[in-house]
Amino acid sequence: MYIRFVIQKNDEDSGRRQGIFQAVGDLEDDGVLLPHERTTYHELYRWFNKNLKTPQRFTTSSKPHAKKVAMSWFKDSVKEAISNMFMVAQILEAHGIALEIIRTDRPGYIVYEDQHQVTAEPFNDTIT
């Protein structure tokens, strides 16, 4: 099973629902995060950068400038990462932004995988 944390707002590039790190980043850019929220966000961001690899691919295309359409999903076995995502989500909820958790067995065409996550180009019927 794979898990994705999103909000209702669509991402301009992918046209899919925005992930929660990007959503909190937007709040930071807008200058609305409280100091303790900003600290928590940066600590969690550093934790993810230290403990999870950055996916190497976001498309099945081999063209050098192909549009990156793959979505990132956690494997449901990575309990600490998922727990940390709920802490990121608390920041959004404090600003009235609702979280949605999507679970699926079929995230799409997998273009990158490691022990914690996959990135996949969604199938037509994949909820993203």
# chains A, B, ... in the order shown; residues from 1 in each chain; ligands from 1

$ residues_around --residues "A:Leu92" --least-positions-apart "2" --cutoff "12 Å" --atoms "only C-alpha atoms" --output "ChimeraX atom specification"
/A:5-8,19-28,32-34,37-38,40-41,85-90,94-100

$ select_by_dssp --residues "chain A" --states "strand (DSSP E or B)" --output "VMD selection string"
chain A and resid 2 to 10 17 to 19 71 to 75 100 to 104 109 to 113 117 to 121

$ write_last_selection --atoms "N, CA and C atoms" --output "CSV table (one decimal), in the first residue's frame"
chain,number,residue,atom,x,y,z
A,2,TYR,N,0.5,2.3,-0.7
A,2,TYR,CA,1.2,3.5,-0.8
A,2,TYR,C,0.3,4.6,-0.3
A,3,ILE,N,1.0,5.7,0.3
A,3,ILE,CA,0.3,6.8,0.9
A,3,ILE,C,0.8,8.1,0.4
A,4,ARG,N,-0.1,9.0,0.2
A,4,ARG,CA,0.2,10.4,-0.3
A,4,ARG,C,-0.6,11.4,0.5
A,5,PHE,N,0.1,12.4,1.0
A,5,PHE,CA,-0.6,13.5,1.8
A,5,PHE,C,-0.8,14.7,0.9
A,6,VAL,N,-2.0,15.1,0.7
A,6,VAL,CA,-2.3,16.3,-0.2
A,6,VAL,C,-3.3,17.2,0.4
A,7,ILE,N,-3.5,18.4,-0.2
A,7,ILE,CA,-4.6,19.3,0.1
A,7,ILE,C,-5.4,19.4,-1.2
A,8,GLN,N,-6.5,20.2,-1.0
A,8,GLN,CA,-7.4,20.3,-2.2
A,8,GLN,C,-6.9,21.2,-3.3
A,9,LYS,N,-6.0,22.1,-3.0
A,9,LYS,CA,-5.5,23.0,-4.1
A,9,LYS,C,-4.6,22.2,-5.1
A,10,ASN,N,-4.8,22.5,-6.3
A,10,ASN,CA,-4.1,21.8,-7.4
A,10,ASN,C,-2.7,22.5,-7.6
A,17,ARG,N,-3.4,17.4,-7.1
A,17,ARG,CA,-3.5,18.0,-5.8
A,17,ARG,C,-2.1,18.2,-5.2
A,18,GLN,N,-1.9,19.4,-4.6
A,18,GLN,CA,-0.6,19.8,-4.0
A,18,GLN,C,-0.3,18.9,-2.8
A,19,GLY,N,1.0,18.6,-2.7
A,19,GLY,CA,1.5,17.9,-1.6
A,19,GLY,C,1.7,18.8,-0.4
A,71,MET,N,4.2,11.4,-9.2
A,71,MET,CA,3.9,11.8,-7.9
A,71,MET,C,4.7,11.0,-6.9
A,72,SER,N,5.0,11.5,-5.7
A,72,SER,CA,5.7,10.8,-4.7
A,72,SER,C,4.7,10.2,-3.7
A,73,TRP,N,5.0,8.9,-3.3
A,73,TRP,CA,4.2,8.2,-2.4
A,73,TRP,C,5.0,7.5,-1.4
A,74,PHE,N,4.6,7.5,-0.1
A,74,PHE,CA,5.3,6.7,0.9
A,74,PHE,C,4.8,5.3,0.9
A,75,LYS,N,5.7,4.3,1.1
A,75,LYS,CA,5.3,3.0,1.4
A,75,LYS,C,4.7,3.0,2.8
A,100,GLU,N,-5.8,15.7,3.2
A,100,GLU,CA,-6.4,14.4,2.7
A,100,GLU,C,-5.3,13.4,2.5
A,101,ILE,N,-5.5,12.2,3.0
A,101,ILE,CA,-4.6,11.1,2.9
A,101,ILE,C,-5.1,10.1,1.8
A,102,ILE,N,-4.4,9.9,0.8
A,102,ILE,CA,-4.8,9.0,-0.3
A,102,ILE,C,-4.0,7.7,-0.1
A,103,ARG,N,-4.7,6.6,-0.2
A,103,ARG,CA,-4.1,5.3,-0.1
A,103,ARG,C,-4.4,4.5,-1.4
A,104,THR,N,-3.4,3.8,-1.9
A,104,THR,CA,-3.7,3.0,-3.1
A,104,THR,C,-2.7,1.9,-3.2
A,109,TYR,N,2.7,4.2,-13.0
A,109,TYR,CA,3.9,3.6,-13.6
A,109,TYR,C,5.1,4.0,-12.7
A,110,ILE,N,5.7,3.1,-12.0
A,110,ILE,CA,6.7,3.5,-11.1
A,110,ILE,C,8.0,3.8,-11.8
A,111,VAL,N,8.5,5.0,-11.6
A,111,VAL,CA,9.7,5.5,-12.3
A,111,VAL,C,10.9,5.6,-11.3
A,112,TYR,N,10.6,5.5,-10.0
A,112,TYR,CA,11.7,5.5,-9.0
A,112,TYR,C,11.2,4.8,-7.8
A,113,GLU,N,12.0,4.0,-7.1
A,113,GLU,CA,11.7,3.3,-5.9
A,113,GLU,C,12.9,3.1,-5.0
A,117,GLN,N,9.9,4.8,-0.4
A,117,GLN,CA,9.0,5.6,-1.3
A,117,GLN,C,9.0,5.1,-2.7
A,118,VAL,N,8.1,5.6,-3.5
A,118,VAL,CA,8.1,5.4,-4.9
A,118,VAL,C,7.7,6.8,-5.5
A,119,THR,N,8.1,7.0,-6.7
A,119,THR,CA,7.5,8.1,-7.6
A,119,THR,C,6.9,7.3,-8.8
A,120,ALA,N,5.7,7.8,-9.1
A,120,ALA,CA,5.0,7.1,-10.2
A,120,ALA,C,4.2,8.0,-11.0
A,121,GLU,N,4.2,7.8,-12.3
A,121,GLU,CA,3.3,8.5,-13.2
A,121,GLU,C,1.9,7.9,-13.0

$ select_by_dssp --residues "stretch 3-117 of chain A" --states "alpha helix (DSSP H)" --output "ChimeraX atom specification"
/A:20-29,35-51,79-94

$ closest_residue --among "A:Val69, A:His36, A:His42, A:Asp125" --to "A:Asp11" --atoms "only C-alpha atoms"
A:Val69

$ closest_residue --among "A:Ala81, A:Ala70, A:Met1, A:Lys50" --to "A:Phe123" --atoms "only C-alpha atoms"
A:Ala70

$ atom_distance --atom1 "atom CA of A:Ile82" --atom2 "atom CA of A:Ser14"
23.0 Å

$ atom_distance --atom1 "atom CA of A:Asn49" --atom2 "atom CA of A:Pro35"
21.1 Å
